[in-house]
file protein.txt (compact mmCIF, C-alpha atoms and all ligand atoms)
# COMPACT_ATOMS: atom_id res chain seq x y z
CA MET A 1 -12.09 -10.11 7.17
CA PRO A 2 -13.12 -8.54 10.46
CA ASP A 3 -12.65 -4.79 10.30
CA SER A 4 -10.34 -4.84 13.30
CA LEU A 5 -9.55 -1.76 15.34
CA ILE A 6 -5.82 -1.93 15.98
CA ALA A 7 -3.65 0.95 17.17
CA GLY A 8 -6.69 3.19 16.87
CA VAL A 9 -7.16 2.48 13.15
CA ARG A 10 -9.59 0.19 11.37
CA CYS A 11 -8.54 -2.16 8.60
CA SER A 12 -11.00 -0.40 6.29
CA GLU A 13 -9.11 2.86 6.83
CA VAL A 14 -5.88 1.14 5.86
CA LEU A 15 -7.56 -0.24 2.75
CA ALA A 16 -8.78 3.24 1.80
CA GLU A 17 -5.38 4.85 2.33
CA LEU A 18 -3.14 2.00 1.26
CA SER A 19 -1.90 3.54 -1.99
CA ASP A 20 -1.15 6.87 -0.36
CA PHE A 21 0.59 4.96 2.42
CA LEU A 22 2.74 2.90 0.04
CA ASP A 23 3.50 5.93 -2.15
CA GLY A 24 4.61 8.08 0.78
CA GLN A 25 1.78 10.53 0.12
CA LEU A 26 0.56 10.78 3.73
CA GLU A 27 1.58 13.18 6.47
CA MET A 28 4.29 11.74 8.68
CA ALA A 29 1.96 11.38 11.68
CA ARG A 30 -0.64 9.53 9.62
CA THR A 31 2.04 7.27 8.15
CA GLU A 32 3.20 6.35 11.66
CA THR A 33 -0.36 5.66 12.76
CA LEU A 34 -1.04 3.32 9.86
CA GLN A 35 2.36 1.73 10.31
CA ALA A 36 1.48 0.91 13.92
CA HIS A 37 -1.69 -0.83 12.72
CA VAL A 38 -0.04 -2.74 9.89
CA ILE A 39 2.76 -4.06 12.12
CA LYS A 40 0.18 -5.65 14.42
CA CYS A 41 -2.39 -6.65 11.79
CA ASP A 42 -1.55 -9.78 9.79
CA ALA A 43 -4.35 -9.19 7.30
CA CYS A 44 -3.27 -5.66 6.42
CA GLU A 45 0.38 -6.60 6.34
CA ARG A 46 -0.34 -9.44 3.92
CA PHE A 47 -2.56 -7.32 1.72
CA GLY A 48 -0.01 -4.50 1.57
CA ALA A 49 2.62 -7.06 0.54
CA ASP A 50 0.26 -8.33 -2.18
CA VAL A 51 -0.15 -4.85 -3.63
CA ARG A 52 3.60 -4.34 -3.57
CA ALA A 53 4.26 -7.72 -5.21
CA ALA A 54 1.82 -7.00 -8.04
CA LEU A 55 3.23 -3.54 -8.66
CA ASP A 56 6.82 -4.77 -8.56
CA LEU A 57 6.02 -7.22 -11.33
CA LEU A 58 4.33 -4.54 -13.35
CA ARG A 59 7.29 -2.18 -12.92
CA GLU A 60 9.67 -4.92 -13.95
CA THR A 61 8.12 -4.99 -17.39
CA GLY A 62 10.45 -2.05 -17.99
CA THR A 63 11.63 -1.58 -21.54
CA PRO A 64 8.81 -1.93 -24.03
CA GLU A 65 8.98 -4.59 -26.70
CA PRO A 66 10.29 -3.35 -30.04
CA LEU A 67 7.56 -2.70 -32.61
CA PRO A 68 6.53 -5.72 -34.65
CA ASP A 69 8.26 -5.58 -38.05
CA ASP A 70 5.12 -4.91 -40.07
CA VAL A 71 4.00 -2.15 -37.69
CA SER A 72 7.44 -0.61 -37.86
CA LYS A 73 7.45 -0.74 -41.65
CA ARG A 74 4.06 0.93 -41.92
CA LEU A 75 5.12 3.63 -39.48
CA ALA A 76 8.22 4.36 -41.58
CA GLU A 77 6.04 4.62 -44.71
CA CYS A 78 3.66 6.92 -42.92
CA LEU A 79 6.53 9.18 -41.83
CA ARG A 80 8.08 9.19 -45.28
CA ALA A 81 4.84 10.60 -46.64
CA LEU A 82 4.98 13.62 -44.33
CA MET B 83 33.33 9.05 -29.21
CA PRO B 84 31.90 7.81 -25.90
CA ALA B 85 28.37 6.50 -26.16
CA THR B 86 27.00 9.22 -23.92
CA GLU B 87 28.16 11.93 -26.31
CA GLN B 88 26.85 10.54 -29.54
CA GLN B 89 23.58 9.70 -27.85
CA GLU B 90 20.98 12.01 -26.51
CA GLN B 91 20.25 15.15 -28.25
CA PRO B 92 17.54 16.28 -25.84
CA ASP B 93 14.00 15.74 -27.06
CA LEU B 94 13.45 19.48 -27.08
CA ALA B 95 16.35 20.00 -29.50
CA LEU B 96 15.04 17.27 -31.79
CA LEU B 97 11.58 18.82 -31.80
CA VAL B 98 12.93 22.31 -32.44
CA ALA B 99 14.84 20.92 -35.42
CA SER B 100 11.73 19.02 -36.53
CA SER B 101 9.63 22.15 -36.44
CA SER B 102 11.96 23.71 -39.00
CA GLY B 103 11.60 20.69 -41.25
CA ASP B 104 14.52 18.47 -40.17
CA LYS B 105 13.17 15.02 -41.00
CA ALA B 106 16.25 13.19 -39.68
CA ALA B 107 15.85 14.81 -36.27
CA PHE B 108 12.20 13.83 -36.21
CA GLU B 109 13.03 10.25 -37.13
CA GLU B 110 15.44 10.10 -34.23
CA PHE B 111 12.71 11.40 -31.97
CA VAL B 112 10.29 8.78 -33.30
CA ASP B 113 12.80 5.96 -32.82
CA ARG B 114 13.33 7.02 -29.26
CA HIS B 115 9.66 6.92 -28.31
CA LYS B 116 7.82 4.63 -30.69
CA SER B 117 7.95 1.48 -28.57
CA ALA B 118 6.70 3.17 -25.43
CA LEU B 119 4.05 5.06 -27.38
CA PHE B 120 2.83 1.84 -28.96
CA ARG B 121 2.61 0.15 -25.56
CA PHE B 122 0.55 3.06 -24.25
CA ALA B 123 -1.58 3.12 -27.39
CA ARG B 124 -2.35 -0.55 -26.90
CA ALA B 125 -3.51 0.15 -23.36
CA ILE B 126 -5.93 2.85 -24.50
CA SER B 127 -7.12 1.31 -27.78
CA PRO B 128 -9.84 -1.26 -28.35
CA SER B 129 -7.72 -3.24 -30.82
CA LEU B 130 -4.21 -3.61 -32.18
CA THR B 131 -5.24 -1.95 -35.42
CA ASP B 132 -6.58 1.02 -33.49
CA ALA B 133 -3.39 1.20 -31.46
CA GLU B 134 -1.29 1.30 -34.61
CA GLU B 135 -3.49 3.98 -36.13
CA ALA B 136 -3.32 6.02 -32.92
CA MET B 137 0.46 5.76 -32.90
CA GLN B 138 0.74 6.89 -36.53
CA GLN B 139 -1.66 9.76 -36.00
CA THR B 140 0.21 10.80 -32.91
CA PHE B 141 3.53 11.05 -34.73
CA VAL B 142 1.94 12.87 -37.67
CA SER B 143 0.43 15.32 -35.21
CA ALA B 144 3.74 15.65 -33.33
CA TRP B 145 5.48 16.50 -36.62
CA GLN B 146 2.87 19.10 -37.46
CA HIS B 147 2.86 20.62 -33.97
CA ALA B 148 6.49 20.11 -32.94
CA SER B 149 6.87 23.85 -32.35
CA THR B 150 4.19 23.74 -29.64
CA PHE B 151 6.32 21.57 -27.35
CA ARG B 152 7.89 24.03 -24.94
CA GLY B 153 10.04 21.61 -23.03
CA GLU B 154 8.07 21.69 -19.81
CA GLY B 155 7.86 18.12 -18.66
CA HIS B 156 8.70 15.06 -20.70
CA ALA B 157 8.23 14.95 -24.45
CA ARG B 158 6.98 11.44 -23.86
CA GLY B 159 4.15 12.79 -21.70
CA TRP B 160 3.32 15.30 -24.45
CA LEU B 161 3.16 12.45 -26.98
CA PHE B 162 0.98 10.34 -24.71
CA GLN B 163 -1.38 13.26 -24.30
CA ILE B 164 -1.68 13.65 -28.07
CA ALA B 165 -2.34 9.91 -28.40
CA ARG B 166 -4.98 10.00 -25.76
CA ASN B 167 -6.77 12.99 -27.31
CA ALA B 168 -6.69 11.31 -30.71
CA GLN B 169 -8.09 8.13 -29.23
CA ASN B 170 -10.81 10.01 -27.38
CA LYS B 171 -11.86 11.69 -30.59
CA MET B 172 -11.92 8.38 -32.42
CA HIS B 173 -13.88 6.51 -29.82
CA ARG B 174 -15.75 9.06 -27.85
CA ARG B 175 -15.91 6.75 -24.94
CA ARG B 176 -15.33 9.13 -22.08
CA ALA B 177 -18.35 11.25 -22.80
CA GLY B 178 -20.77 8.37 -22.53
CA GLU B 179 -18.98 5.87 -20.37
CA PRO B 180 -19.93 6.17 -16.72
CA PRO B 181 -17.00 6.17 -14.32
CA GLN B 182 -16.62 2.97 -12.31
CA HIS B 183 -17.80 3.64 -8.80
CA ASP B 184 -17.35 0.32 -7.11
CA ASP B 185 -17.49 0.37 -3.37
CA LEU B 186 -13.94 0.30 -2.01
CA THR B 187 -14.62 -2.60 0.37
CA ASP B 188 -16.08 -4.65 -2.49
CA LEU B 189 -13.05 -3.85 -4.59
CA GLY B 190 -10.76 -4.80 -1.73
CA ASN B 191 -12.59 -8.08 -1.21
CA GLN B 192 -12.28 -8.96 -4.89
CA ALA B 193 -8.57 -8.24 -4.54
CA GLY B 194 -8.29 -10.73 -1.68
CA TRP B 195 -8.40 -8.29 1.22
CA ASP B 196 -11.05 -10.20 3.13
CA CYS B 197 -9.47 -13.62 3.34
CA GLY B 198 -6.16 -15.17 4.25
CA LEU B 199 -5.13 -16.13 0.75
CA THR B 200 -1.70 -17.36 -0.16
CA PRO B 201 0.59 -14.36 -0.58
CA LEU B 202 0.39 -13.17 -4.15
CA ALA B 203 4.17 -13.26 -4.50
CA ASP B 204 4.03 -17.04 -3.97
CA VAL B 205 1.37 -17.68 -6.57
CA ILE B 206 2.22 -15.35 -9.43
CA GLU B 207 4.05 -17.56 -11.84
CA ASN B 208 5.40 -15.10 -14.31
CA ARG B 209 5.22 -11.68 -15.79
CA GLU B 210 2.80 -12.77 -18.50
CA TRP B 211 0.23 -13.23 -15.76
CA VAL B 212 0.57 -9.60 -14.84
CA GLN B 213 0.45 -8.50 -18.47
CA HIS B 214 -2.63 -10.58 -19.03
CA ALA B 215 -4.31 -9.26 -15.89
CA LEU B 216 -3.46 -5.71 -16.95
CA SER B 217 -4.91 -6.13 -20.40
CA SER B 218 -8.14 -7.50 -18.94
CA LEU B 219 -8.84 -4.18 -17.19
CA LEU B 220 -10.87 -1.30 -18.54
CA VAL B 221 -9.04 1.49 -20.35
CA ASP B 222 -9.25 3.94 -17.43
CA ASP B 223 -7.43 1.47 -15.20
CA GLN B 224 -4.91 0.33 -17.78
CA GLU B 225 -3.83 3.78 -18.83
CA ILE B 226 -3.13 5.04 -15.33
CA LEU B 227 -1.23 1.87 -14.39
CA VAL B 228 0.88 2.06 -17.53
CA LEU B 229 1.64 5.75 -16.99
CA ILE B 230 2.57 5.48 -13.33
CA GLU B 231 3.79 1.96 -12.69
CA VAL B 232 5.28 1.07 -16.06
CA GLU B 233 6.40 4.43 -17.49
CA GLY B 234 7.25 5.94 -14.13
CA PHE B 235 5.39 9.24 -14.50
CA SER B 236 4.70 11.02 -11.22
CA LEU B 237 1.14 11.44 -9.94
CA LEU B 238 1.17 15.07 -11.10
CA GLU B 239 2.51 14.25 -14.56
CA ALA B 240 0.02 11.45 -15.04
CA GLY B 241 -2.76 13.78 -13.89
CA ASP B 242 -1.70 16.29 -16.55
CA ILE B 243 -1.80 13.66 -19.27
CA LEU B 244 -5.18 12.37 -18.13
CA GLY B 245 -6.68 15.77 -17.37
CA LEU B 246 -7.26 14.85 -13.72
CA SER B 247 -6.68 16.71 -10.47
CA LEU B 248 -4.19 15.23 -8.00
CA PRO B 249 -6.89 13.76 -5.72
CA ALA B 250 -8.72 12.28 -8.71
CA THR B 251 -5.46 10.81 -10.01
CA LYS B 252 -4.71 9.21 -6.64
CA SER B 253 -8.17 7.83 -6.32
CA ARG B 254 -8.17 6.35 -9.81
CA LEU B 255 -4.73 4.84 -9.27
CA HIS B 256 -5.77 3.23 -6.00
CA ARG B 257 -8.83 1.63 -7.53
CA ALA B 258 -6.90 0.53 -10.60
CA ARG B 259 -4.35 -1.20 -8.38
CA LEU B 260 -7.09 -3.03 -6.50
CA ARG B 261 -8.69 -4.11 -9.77
CA LEU B 262 -5.32 -5.34 -11.00
CA LEU B 263 -4.98 -7.43 -7.85
CA ALA B 264 -8.47 -8.78 -8.33
CA ALA B 265 -7.63 -9.70 -11.91
CA LEU B 266 -4.48 -11.49 -10.73
CA ARG B 267 -6.48 -13.46 -8.19
CA LYS B 268 -8.85 -14.42 -10.96
CA GLU B 269 -5.93 -15.66 -13.06
CA GLU B 270 -4.78 -17.67 -10.07
CA HIS B 271 -8.13 -19.41 -9.86
CA HIS B 272 -8.10 -20.23 -13.53
CA ALA B 273 -4.56 -21.56 -13.40
ZN ZN A 301 -5.80 -4.37 9.51

call {"tool": "encode", "arguments": {"input": "protein.txt", "output": "structure tokens"}}
result
Amino acid sequence: MPDSLIAGVRCSEVLAELSDFLDGQLEMARTETLQAHVIKCDACERFGADVRAALDLLRETGTPEPLPDDVSKRLAECLRAL
Amino acid sequence: MPATEQQEQPDLALLVASSSGDKAAFEEFVDRHKSALFRFARAISPSLTDAEEAMQQTFVSAWQHASTFRGEGHARGWLFQIARNAQNKMHRRRAGEPPQHDDLTDLGNQAGWDCGLTPLADVIENREWVQHALSSLLVDDQEILVLIEVEGFSLLEAGDILGLSLPATKSRLHRARLRLLAALRKEEHHA
């Protein structure tokens, strides 16, 4: 995509700082600057939404699966031997 | 008795009891964490068998060193750290394996940054896709994604477990996320 300069920020800068931006790790002023770019830049807005969508799905995995029965049995045996 | 009361001896209390030989307390501790530990072990192990071995070794080590847990931070983080050290010893990857230094723009492009693709949310069919994409990544990427996105550790906590500074943790997380996106796009093309 063209590395557009929008609101004084290039798309490549947004790409570099996207995680910090999404995680609220940037200074307020920098957050506002990137926000101004993203609002006007379809490409960055779409890509930011992609990252969020992927991470939401990952976070939804939530509770881990219970151990398979055989794994659980061997763990219990291992602990019994302690 | 309300569920909240019978539940939840804090991890610290269980480990203190374990360190004086209370097997029942340790078993409760194991039950509480074994599923999450196994999920993490799978992310950092080359095979299922290795993951199982790492999990067993981790709990054996936790039993032997229960008195060293001081209650700073999560016991789960402490366990994950033990698992990771055990795995590093077993596989000695980190010493020899060069860090991945892909150019950020290349990474972004692989993740679909450079073209107007269909929004990912519209093409991801199910959670198995994400699991599959995750498991296709290298260990460095998988472990940080599991710690932060799945287990919910903070950047600082994950950095402690991984032995990374805050900037290094952030940088690794960012690249891991882009590689996850790239892997999802790859799944999309194969679908
Ligand atoms: Zn842009």

call {"tool": "closest_residue", "arguments": {"input": "protein.txt", "among": "A:Gln35, A:Leu15, A:Asp69, A:Gly24", "to": "chain B", "atoms": "all atoms listed in the file"}}
result
A:Leu15

call {"tool": "atom_distance", "arguments": {"input": "protein.txt", "atom1": "atom CA of Ala203 of chain B", "atom2": "atom CA of Asp50 of chain A"}}
result
6.7 Å

call {"tool": "closest_residue", "arguments": {"input": "protein.txt", "among": "B:Asn191, B:Ser102, B:Ser117, B:Ser127", "to": "chain A", "atoms": "only C-alpha atoms"}}
result
B:Ser117

call {"tool": "interface_residues", "arguments": {"input": "protein.txt", "of": "chain A", "to": "chain B", "cutoff": "7 Å", "atoms": "only C-alpha atoms", "output": "PDB file with C-alpha atoms, in the frame of the given file"}}
result
ATOM      1  CA  MET A   1     -12.090 -10.110   7.170  1.00  0.00           C
ATOM      2  CA  SER A  19      -1.900   3.540  -1.990  1.00  0.00           C
ATOM      3  CA  ALA A  43      -4.350  -9.190   7.300  1.00  0.00           C
ATOM      4  CA  ARG A  46      -0.340  -9.440   3.920  1.00  0.00           C
ATOM      5  CA  PHE A  47      -2.560  -7.320   1.720  1.00  0.00           C
ATOM      6  CA  ASP A  50       0.260  -8.330  -2.180  1.00  0.00           C
ATOM      7  CA  VAL A  51      -0.150  -4.850  -3.630  1.00  0.00           C
ATOM      8  CA  ALA A  53       4.260  -7.720  -5.210  1.00  0.00           C
ATOM      9  CA  ALA A  54       1.820  -7.000  -8.040  1.00  0.00           C
ATOM     10  CA  LEU A  55       3.230  -3.540  -8.660  1.00  0.00           C
ATOM     11  CA  LEU A  57       6.020  -7.220 -11.330  1.00  0.00           C
ATOM     12  CA  LEU A  58       4.330  -4.540 -13.350  1.00  0.00           C
ATOM     13  CA  ARG A  59       7.290  -2.180 -12.920  1.00  0.00           C
ATOM     14  CA  THR A  61       8.120  -4.990 -17.390  1.00  0.00           C
ATOM     15  CA  GLY A  62      10.450  -2.050 -17.990  1.00  0.00           C
ATOM     16  CA  PRO A  64       8.810  -1.930 -24.030  1.00  0.00           C
ATOM     17  CA  GLU A  65       8.980  -4.590 -26.700  1.00  0.00           C
ATOM     18  CA  PRO A  66      10.290  -3.350 -30.040  1.00  0.00           C
ATOM     19  CA  LEU A  67       7.560  -2.700 -32.610  1.00  0.00           C
ATOM     20  CA  LEU A  75       5.120   3.630 -39.480  1.00  0.00           C
TER      21      LEU A  75
END

call {"tool": "closest_residue", "arguments": {"input": "protein.txt", "among": "A:Leu22, A:Ala29, A:Cys44, A:Leu5", "to": "ligand ZN 301 (chain A)", "atoms": "only C-alpha atoms and all ligand atoms"}}
result
A:Cys44

call {"tool": "decode", "arguments": {"input": "protein.txt", "residues": "segment 156-172 of chain B", "atoms": "N, CA, C and O atoms", "output": "compact mmCIF listing (two decimals), in the first residue's frame"}}
result
# COMPACT_ATOMS: atom_id res chain seq x y z
N HIS B 156 2.21 -13.99 40.17
CA HIS B 156 1.35 -15.16 40.13
C HIS B 156 2.16 -16.44 40.25
O HIS B 156 3.20 -16.58 39.63
N ALA B 157 1.62 -17.40 41.01
CA ALA B 157 2.26 -18.72 41.05
C ALA B 157 2.29 -19.33 39.65
O ALA B 157 3.19 -20.07 39.30
N ARG B 158 1.27 -18.99 38.85
CA ARG B 158 1.24 -19.55 37.51
C ARG B 158 2.45 -19.06 36.69
O ARG B 158 3.05 -19.82 35.94
N GLY B 159 2.79 -17.79 36.86
CA GLY B 159 3.96 -17.25 36.17
C GLY B 159 5.23 -17.95 36.62
O GLY B 159 6.13 -18.25 35.82
N TRP B 160 5.31 -18.23 37.92
CA TRP B 160 6.46 -18.94 38.50
C TRP B 160 6.57 -20.33 37.87
O TRP B 160 7.65 -20.76 37.45
N LEU B 161 5.43 -21.01 37.76
CA LEU B 161 5.41 -22.34 37.13
C LEU B 161 5.85 -22.27 35.66
O LEU B 161 6.64 -23.09 35.19
N PHE B 162 5.33 -21.29 34.96
CA PHE B 162 5.66 -21.16 33.54
C PHE B 162 7.17 -20.93 33.36
O PHE B 162 7.77 -21.40 32.41
N GLN B 163 7.71 -20.16 34.30
CA GLN B 163 9.15 -19.88 34.23
C GLN B 163 9.95 -21.16 34.43
O GLN B 163 10.93 -21.42 33.73
N ILE B 164 9.53 -21.97 35.40
CA ILE B 164 10.20 -23.26 35.63
C ILE B 164 10.11 -24.12 34.37
O ILE B 164 11.09 -24.72 33.92
N ALA B 165 8.92 -24.16 33.78
CA ALA B 165 8.71 -24.98 32.58
C ALA B 165 9.62 -24.52 31.45
O ALA B 165 10.23 -25.32 30.73
N ARG B 166 9.71 -23.23 31.33
CA ARG B 166 10.51 -22.68 30.24
C ARG B 166 12.00 -22.98 30.44
O ARG B 166 12.71 -23.34 29.50
N ASN B 167 12.46 -22.84 31.69
CA ASN B 167 13.87 -23.16 31.97
C ASN B 167 14.16 -24.62 31.70
O ASN B 167 15.20 -24.97 31.13
N ALA B 168 13.22 -25.48 32.12
CA ALA B 168 13.41 -26.93 31.90
C ALA B 168 13.48 -27.21 30.41
O ALA B 168 14.34 -27.97 29.94
N GLN B 169 12.62 -26.58 29.67
CA GLN B 169 12.56 -26.81 28.23
C GLN B 169 13.83 -26.29 27.54
O GLN B 169 14.35 -26.91 26.63
N ASN B 170 14.29 -25.15 28.02
CA ASN B 170 15.53 -24.60 27.45
C ASN B 170 16.70 -25.53 27.67
O ASN B 170 17.55 -25.71 26.81
N LYS B 171 16.73 -26.13 28.88
CA LYS B 171 17.82 -27.04 29.19
C LYS B 171 17.74 -28.27 28.29
O LYS B 171 18.73 -28.76 27.80
N MET B 172 16.50 -28.74 28.11
CA MET B 172 16.32 -29.95 27.31
C MET B 172 16.68 -29.71 25.85
O MET B 172 17.20 -30.59 25.18
